[in-house]
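Worksheet for the structure shown next.
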Amino acid sequence: LSNTLLQSVFLDMFGDPVTNPRKLPVVEIQDVTQSLDSKRIPVEASIRRMRKGGYPYYGASGIVDYIDGYLFDEETLLVAEDGANLLTRSTPIAFIASGKYWANNHAHVLRVLENVNIQYLRYVLNATNLKSIVTGTAQPKLTAGNLGALKIMLPTICEQDAFSHLVQKHDRTYNYQIESSRQSEQLFQTLLHRA
């Protein structure tokens, strides 16, 4: 229900992205971001076991490990490059990484330019159906070219900031709901074990 609420707020503020009733400017992702994909370096799991550390190691679905070094030291938007999740959406495909971290070649790394709110862009990418631009049959893939050419509505930065504020509020509530559910399940299992 909370996800549906955020979708309704988006439609109320900006309108349907397909019909664009407010006639908002439409831009390609490559117009509002800078790709940092060339800086990514994959590290095999066997090597990561010997290089344990405190820096997050990101893959297509978020943090997959921690390692002893970093490649990036800034806030960026990471977007899944491959995997079934591009189509099934069991987890978000776009997420924000900040501080010092490492990224492998399964996530596109995008530096978001000044006229775009990173939270707004994250939401739009997670809400957009990418089926028409994902290639591959055995292993779905979102190429850098297809991601860069993806068109999105771009409201004013003030409107993006206002929506971003709501997204952050939603995320806090959603995370609280998930944690409450986890604790409730843990309590139930404890009581079940005692019984």
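Identifiers in this document derive from the order of the structure tokens: chains are assigned A, B, ..., residues are numbered from 1 separately in each chain, and ligands are numbered from 1 in order of occurrence.
Every protein or nucleic acid residue with an atom no more than 12 Å from Asp171 of chain A, counting only C-alpha atoms and leaving out same-chain residues fewer than 4 positions away, appears here: Ser2, Asn3, Leu5, Leu6, Gln119, Tyr123, Ser164, His165, Leu166, Val167, Asn175, Tyr176, Gln177 and Ile178 of chain A.
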Residue among A:Arg40, A:His193, A:Arg49, A:Arg182 lying closest to Tyr101 of chain A, counting only C-alpha atoms
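Counting only C-alpha atoms, the residue closest to Tyr101 of chain A is A:Arg40.
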Could you tell me how far atom CA of Gly53 of chain A sits from atom CA of Thr76 of chain A, in Å to one decimal place?
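Computed distance, atom CA of Thr76 of chain A to atom CA of Gly53 of chain A, equals 21.0 Å.
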Interatomic distance between atom CA of Leu125 of chain A and atom CA of Lys141 of chain A?
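Atom-to-atom, atom CA of Leu125 of chain A to atom CA of Lys141 of chain A, that is 15.1 Å.
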If you run DSSP over the backbone, which residues in segment 38-166 of chain A end up helix (DSSP H, G or I)? Put them as a VMD selection string.
chain A and resid 38 to 39 45 to 50 85 to 88 118 to 127 144 to 149 157 to 166
Include N, CA and C atoms and write out the residues we just selected as a tab-separated table (two decimals), in the first residue's frame.
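What landed in selection_37.tsv:
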chain	number	residue	atom	x	y	z
A	38	SER	N	33.64	2.85	-16.73
A	38	SER	CA	35.02	2.48	-17.05
A	38	SER	C	35.88	2.30	-15.81
A	39	LYS	N	35.43	2.80	-14.66
A	39	LYS	CA	36.20	2.68	-13.42
A	39	LYS	C	35.86	1.42	-12.63
A	45	ALA	N	34.83	-13.85	-6.01
A	45	ALA	CA	34.50	-14.15	-4.61
A	45	ALA	C	35.69	-14.77	-3.88
A	46	SER	N	36.45	-15.64	-4.55
A	46	SER	CA	37.59	-16.28	-3.90
A	46	SER	C	38.66	-15.25	-3.50
A	47	ILE	N	38.84	-14.23	-4.32
A	47	ILE	CA	39.81	-13.18	-4.01
A	47	ILE	C	39.25	-12.25	-2.92
A	48	ARG	N	37.94	-11.97	-2.99
A	48	ARG	CA	37.32	-11.11	-1.97
A	48	ARG	C	37.43	-11.73	-0.58
A	49	ARG	N	37.41	-13.05	-0.51
A	49	ARG	CA	37.55	-13.72	0.80
A	49	ARG	C	38.90	-13.40	1.44
A	50	MET	N	39.93	-13.18	0.61
A	50	MET	CA	41.25	-12.85	1.12
A	50	MET	C	41.43	-11.34	1.30
A	85	ASN	N	16.29	-9.84	-12.30
A	85	ASN	CA	15.61	-8.79	-11.54
A	85	ASN	C	15.27	-7.57	-12.40
A	86	LEU	N	15.97	-7.39	-13.51
A	86	LEU	CA	15.65	-6.28	-14.42
A	86	LEU	C	14.21	-6.39	-14.91
A	87	LEU	N	13.70	-7.63	-14.99
A	87	LEU	CA	12.34	-7.85	-15.46
A	87	LEU	C	11.38	-8.19	-14.33
A	88	THR	N	11.84	-8.98	-13.36
A	88	THR	CA	10.93	-9.42	-12.29
A	88	THR	C	10.73	-8.36	-11.21
A	118	ILE	N	19.06	13.10	-7.22
A	118	ILE	CA	19.40	11.68	-7.34
A	118	ILE	C	18.27	10.78	-6.83
A	119	GLN	N	17.54	11.22	-5.81
A	119	GLN	CA	16.41	10.43	-5.29
A	119	GLN	C	15.29	10.36	-6.33
A	120	TYR	N	15.04	11.48	-6.99
A	120	TYR	CA	14.02	11.51	-8.05
A	120	TYR	C	14.38	10.53	-9.15
A	121	LEU	N	15.64	10.59	-9.61
A	121	LEU	CA	16.08	9.72	-10.70
A	121	LEU	C	16.02	8.25	-10.27
A	122	ARG	N	16.42	7.96	-9.03
A	122	ARG	CA	16.34	6.58	-8.52
A	122	ARG	C	14.90	6.08	-8.58
A	123	TYR	N	13.97	6.91	-8.11
A	123	TYR	CA	12.56	6.49	-8.11
A	123	TYR	C	12.08	6.24	-9.54
A	124	VAL	N	12.37	7.17	-10.45
A	124	VAL	CA	11.90	7.04	-11.83
A	124	VAL	C	12.42	5.75	-12.46
A	125	LEU	N	13.71	5.46	-12.26
A	125	LEU	CA	14.27	4.24	-12.85
A	125	LEU	C	13.64	2.98	-12.24
A	126	ASN	N	13.39	3.00	-10.94
A	126	ASN	CA	12.77	1.84	-10.30
A	126	ASN	C	11.31	1.67	-10.71
A	127	ALA	N	10.66	2.76	-11.12
A	127	ALA	CA	9.25	2.71	-11.50
A	127	ALA	C	9.05	2.46	-12.99
A	144	ALA	N	24.73	-0.15	-21.46
A	144	ALA	CA	24.96	1.26	-21.15
A	144	ALA	C	24.29	2.15	-22.19
A	145	GLY	N	24.31	1.72	-23.44
A	145	GLY	CA	23.69	2.50	-24.52
A	145	GLY	C	22.18	2.61	-24.35
A	146	ASN	N	21.54	1.47	-24.04
A	146	ASN	CA	20.09	1.48	-23.85
A	146	ASN	C	19.69	2.28	-22.61
A	147	LEU	N	20.46	2.14	-21.54
A	147	LEU	CA	20.18	2.92	-20.34
A	147	LEU	C	20.35	4.41	-20.62
A	148	GLY	N	21.42	4.77	-21.30
A	148	GLY	CA	21.68	6.18	-21.60
A	148	GLY	C	20.63	6.81	-22.49
A	149	ALA	N	20.04	6.02	-23.38
A	149	ALA	CA	19.03	6.54	-24.32
A	149	ALA	C	17.62	6.55	-23.73
A	157	ILE	N	13.92	21.45	-10.69
A	157	ILE	CA	14.67	20.91	-9.56
A	157	ILE	C	13.90	21.10	-8.26
A	158	CYS	N	13.14	22.17	-8.15
A	158	CYS	CA	12.33	22.38	-6.94
A	158	CYS	C	11.27	21.29	-6.80
A	159	GLU	N	10.64	20.93	-7.92
A	159	GLU	CA	9.63	19.86	-7.89
A	159	GLU	C	10.30	18.51	-7.60
A	160	GLN	N	11.46	18.28	-8.19
A	160	GLN	CA	12.19	17.05	-7.91
A	160	GLN	C	12.55	16.95	-6.43
A	161	ASP	N	13.02	18.08	-5.86
A	161	ASP	CA	13.39	18.10	-4.44
A	161	ASP	C	12.18	17.82	-3.55
A	162	ALA	N	11.03	18.39	-3.90
A	162	ALA	CA	9.81	18.16	-3.12
A	162	ALA	C	9.42	16.69	-3.17
A	163	PHE	N	9.50	16.10	-4.35
A	163	PHE	CA	9.16	14.68	-4.47
A	163	PHE	C	10.20	13.83	-3.74
A	164	SER	N	11.47	14.21	-3.83
A	164	SER	CA	12.54	13.48	-3.15
A	164	SER	C	12.31	13.45	-1.65
A	165	HIS	N	11.84	14.56	-1.10
A	165	HIS	CA	11.54	14.62	0.33
A	165	HIS	C	10.48	13.57	0.69
A	166	LEU	N	9.46	13.44	-0.16
A	166	LEU	CA	8.42	12.44	0.08
A	166	LEU	C	8.96	11.02	-0.07
Out of A:Ala80, A:Val116, A:Met153, A:Ile96, which residue has the shortest atom-to-atom distance to Gly15 of chain A when counting only C-alpha atoms?
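Answer, going by the shortest atom-to-atom distance: A:Met153.
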Set the distance at 9 Å and use only C-alpha atoms: which residues neighbour Asp65 of chain A once local chain neighbours fewer than 5 positions away are removed? I'd like the list as a PyMOL selection string.
chain A and resi 45+48+52+55-59
Could you please take those selected residues and save N, CA, C and O atoms as a PDB file, in the first residue's frame?
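Just written: out24.pdb:
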ATOM      1  N   ALA A  45      34.833 -13.853  -6.014  1.00  0.00           N
ATOM      2  CA  ALA A  45      34.504 -14.150  -4.613  1.00  0.00           C
ATOM      3  C   ALA A  45      35.689 -14.767  -3.882  1.00  0.00           C
ATOM      4  O   ALA A  45      35.941 -14.453  -2.710  1.00  0.00           O
ATOM      5  N   ARG A  48      37.938 -11.970  -2.993  1.00  0.00           N
ATOM      6  CA  ARG A  48      37.321 -11.113  -1.968  1.00  0.00           C
ATOM      7  C   ARG A  48      37.433 -11.727  -0.578  1.00  0.00           C
ATOM      8  O   ARG A  48      37.562 -11.017   0.411  1.00  0.00           O
ATOM      9  N   LYS A  52      39.007  -9.157   2.720  1.00  0.00           N
ATOM     10  CA  LYS A  52      37.924  -8.643   3.562  1.00  0.00           C
ATOM     11  C   LYS A  52      38.312  -7.284   4.145  1.00  0.00           C
ATOM     12  O   LYS A  52      39.452  -7.058   4.518  1.00  0.00           O
ATOM     13  N   TYR A  55      34.903  -1.667   3.256  1.00  0.00           N
ATOM     14  CA  TYR A  55      34.279  -0.910   2.178  1.00  0.00           C
ATOM     15  C   TYR A  55      33.233  -1.759   1.456  1.00  0.00           C
ATOM     16  O   TYR A  55      33.508  -2.898   1.077  1.00  0.00           O
ATOM     17  N   PRO A  56      32.030  -1.218   1.243  1.00  0.00           N
ATOM     18  CA  PRO A  56      30.984  -1.969   0.551  1.00  0.00           C
ATOM     19  C   PRO A  56      31.415  -2.330  -0.870  1.00  0.00           C
ATOM     20  O   PRO A  56      32.028  -1.517  -1.567  1.00  0.00           O
ATOM     21  N   TYR A  57      31.068  -3.538  -1.286  1.00  0.00           N
ATOM     22  CA  TYR A  57      31.333  -4.032  -2.639  1.00  0.00           C
ATOM     23  C   TYR A  57      29.969  -4.247  -3.287  1.00  0.00           C
ATOM     24  O   TYR A  57      29.207  -5.113  -2.882  1.00  0.00           O
ATOM     25  N   TYR A  58      29.646  -3.396  -4.286  1.00  0.00           N
ATOM     26  CA  TYR A  58      28.318  -3.421  -4.902  1.00  0.00           C
ATOM     27  C   TYR A  58      28.280  -4.269  -6.163  1.00  0.00           C
ATOM     28  O   TYR A  58      29.222  -4.278  -6.952  1.00  0.00           O
ATOM     29  N   GLY A  59      27.140  -4.925  -6.347  1.00  0.00           N
ATOM     30  CA  GLY A  59      26.832  -5.657  -7.563  1.00  0.00           C
ATOM     31  C   GLY A  59      25.485  -5.189  -8.091  1.00  0.00           C
ATOM     32  O   GLY A  59      25.005  -4.116  -7.729  1.00  0.00           O
TER      33      GLY A  59
END
Which of chain A DSSP labels strand (DSSP E or B), written as a PyMOL selection string:
chain A and resi 26-28+33-35+55-59+62-67+72-73+76-80+82+94-97+100-103+107-112+135+141+151-153
Grab the residues selected above and save them as a CSV table (one decimal), in the first residue's frame with N, CA and C atoms.
chain,number,residue,atom,x,y,z
A,26,VAL,N,11.5,16.4,-21.6
A,26,VAL,CA,11.9,15.0,-21.7
A,26,VAL,C,13.3,14.9,-22.0
A,27,VAL,N,14.1,14.2,-21.2
A,27,VAL,CA,15.5,14.1,-21.5
A,27,VAL,C,15.9,12.6,-21.5
A,28,GLU,N,17.1,12.3,-22.0
A,28,GLU,CA,17.7,11.0,-22.0
A,28,GLU,C,18.5,10.9,-20.7
A,33,THR,N,23.3,12.5,-16.6
A,33,THR,CA,24.3,11.7,-15.8
A,33,THR,C,25.6,11.6,-16.6
A,34,GLN,N,26.6,11.2,-15.8
A,34,GLN,CA,27.9,10.9,-16.4
A,34,GLN,C,28.2,9.5,-16.1
A,35,SER,N,28.5,8.6,-17.0
A,35,SER,CA,28.8,7.2,-16.8
A,35,SER,C,30.2,7.1,-16.2
A,55,TYR,N,34.9,-1.7,3.3
A,55,TYR,CA,34.3,-0.9,2.2
A,55,TYR,C,33.2,-1.8,1.5
A,56,PRO,N,32.0,-1.2,1.2
A,56,PRO,CA,31.0,-2.0,0.6
A,56,PRO,C,31.4,-2.3,-0.9
A,57,TYR,N,31.1,-3.5,-1.3
A,57,TYR,CA,31.3,-4.0,-2.6
A,57,TYR,C,30.0,-4.2,-3.3
A,58,TYR,N,29.6,-3.4,-4.3
A,58,TYR,CA,28.3,-3.4,-4.9
A,58,TYR,C,28.3,-4.3,-6.2
A,59,GLY,N,27.1,-4.9,-6.3
A,59,GLY,CA,26.8,-5.7,-7.6
A,59,GLY,C,25.5,-5.2,-8.1
A,62,GLY,N,22.8,-4.5,-5.2
A,62,GLY,CA,23.2,-3.7,-3.9
A,62,GLY,C,24.5,-4.3,-3.4
A,63,ILE,N,24.7,-4.1,-2.1
A,63,ILE,CA,25.9,-4.6,-1.5
A,63,ILE,C,26.0,-6.1,-1.4
A,64,VAL,N,27.0,-6.7,-2.0
A,64,VAL,CA,27.1,-8.2,-2.0
A,64,VAL,C,28.3,-8.6,-1.1
A,65,ASP,N,29.2,-7.7,-0.7
A,65,ASP,CA,30.3,-8.1,0.1
A,65,ASP,C,31.0,-6.8,0.7
A,66,TYR,N,32.0,-7.0,1.4
A,66,TYR,CA,32.9,-5.9,1.9
A,66,TYR,C,34.3,-6.2,1.6
A,67,ILE,N,35.1,-5.2,1.2
A,67,ILE,CA,36.4,-5.4,0.7
A,67,ILE,C,37.4,-4.4,1.3
A,72,PHE,N,35.5,4.3,-5.6
A,72,PHE,CA,34.7,5.5,-5.7
A,72,PHE,C,34.6,6.1,-4.3
A,73,ASP,N,34.5,7.4,-4.3
A,73,ASP,CA,34.3,8.2,-3.1
A,73,ASP,C,33.4,9.4,-3.3
A,76,THR,N,26.7,8.3,-5.9
A,76,THR,CA,26.4,8.0,-7.3
A,76,THR,C,25.1,7.1,-7.3
A,77,LEU,N,24.5,7.0,-8.5
A,77,LEU,CA,23.4,6.1,-8.7
A,77,LEU,C,23.9,4.8,-9.4
A,78,LEU,N,23.6,3.7,-8.8
A,78,LEU,CA,24.0,2.4,-9.4
A,78,LEU,C,22.7,1.8,-9.9
A,79,VAL,N,22.8,1.3,-11.1
A,79,VAL,CA,21.7,0.6,-11.8
A,79,VAL,C,22.1,-0.7,-12.3
A,80,ALA,N,21.3,-1.7,-12.0
A,80,ALA,CA,21.6,-3.1,-12.4
A,80,ALA,C,21.9,-3.2,-13.9
A,82,ASP,N,22.6,-6.4,-15.3
A,82,ASP,CA,22.2,-7.7,-15.8
A,82,ASP,C,21.4,-8.4,-14.7
A,94,ALA,N,17.7,0.2,-9.1
A,94,ALA,CA,18.5,1.4,-9.0
A,94,ALA,C,18.6,1.8,-7.5
A,95,PHE,N,19.9,2.1,-7.1
A,95,PHE,CA,20.1,2.4,-5.6
A,95,PHE,C,21.2,3.4,-5.5
A,96,ILE,N,21.3,4.1,-4.4
A,96,ILE,CA,22.3,5.1,-4.2
A,96,ILE,C,23.4,4.6,-3.4
A,97,ALA,N,24.6,4.8,-3.9
A,97,ALA,CA,25.8,4.5,-3.1
A,97,ALA,C,26.6,5.8,-2.8
A,100,LYS,N,32.9,5.9,0.4
A,100,LYS,CA,33.9,5.1,-0.3
A,100,LYS,C,33.4,3.7,-0.5
A,101,TYR,N,33.4,3.2,-1.7
A,101,TYR,CA,32.9,1.9,-2.1
A,101,TYR,C,33.5,1.4,-3.4
A,102,TRP,N,33.3,0.1,-3.6
A,102,TRP,CA,33.8,-0.6,-4.8
A,102,TRP,C,32.6,-1.1,-5.6
A,103,ALA,N,32.6,-1.0,-6.9
A,103,ALA,CA,31.5,-1.5,-7.7
A,103,ALA,C,32.0,-2.4,-8.8
A,107,ALA,N,26.8,-3.6,-12.2
A,107,ALA,CA,26.0,-2.4,-11.9
A,107,ALA,C,26.6,-1.2,-12.7
A,108,HIS,N,25.8,-0.5,-13.4
A,108,HIS,CA,26.2,0.8,-14.0
A,108,HIS,C,26.4,1.8,-12.9
A,109,VAL,N,27.4,2.6,-13.0
A,109,VAL,CA,27.7,3.7,-12.0
A,109,VAL,C,27.5,5.0,-12.7
A,110,LEU,N,26.5,5.8,-12.2
A,110,LEU,CA,26.2,7.1,-12.8
A,110,LEU,C,26.4,8.2,-11.8
A,111,ARG,N,27.1,9.2,-12.3
A,111,ARG,CA,27.3,10.5,-11.5
A,111,ARG,C,26.1,11.3,-12.0
A,112,VAL,N,25.3,11.8,-11.1
A,112,VAL,CA,24.1,12.6,-11.5
A,112,VAL,C,24.5,14.0,-11.5
A,135,THR,N,18.0,-6.5,-23.2
A,135,THR,CA,18.3,-7.5,-24.2
A,135,THR,C,18.7,-8.8,-23.6
A,141,LYS,N,19.9,-8.3,-19.9
A,141,LYS,CA,21.0,-7.3,-19.8
A,141,LYS,C,20.5,-5.9,-20.2
A,151,LYS,N,14.4,7.7,-22.1
A,151,LYS,CA,13.8,9.0,-21.9
A,151,LYS,C,13.0,9.1,-20.7
A,152,ILE,N,13.2,10.2,-19.9
A,152,ILE,CA,12.4,10.4,-18.7
A,152,ILE,C,11.9,11.9,-18.7
A,153,MET,N,10.8,12.1,-17.9
A,153,MET,CA,10.3,13.5,-17.7
A,153,MET,C,11.2,14.1,-16.7
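Going from atom CA of Arg22 of chain A to atom CA of Thr128 of chain A covers 18.3 Å.
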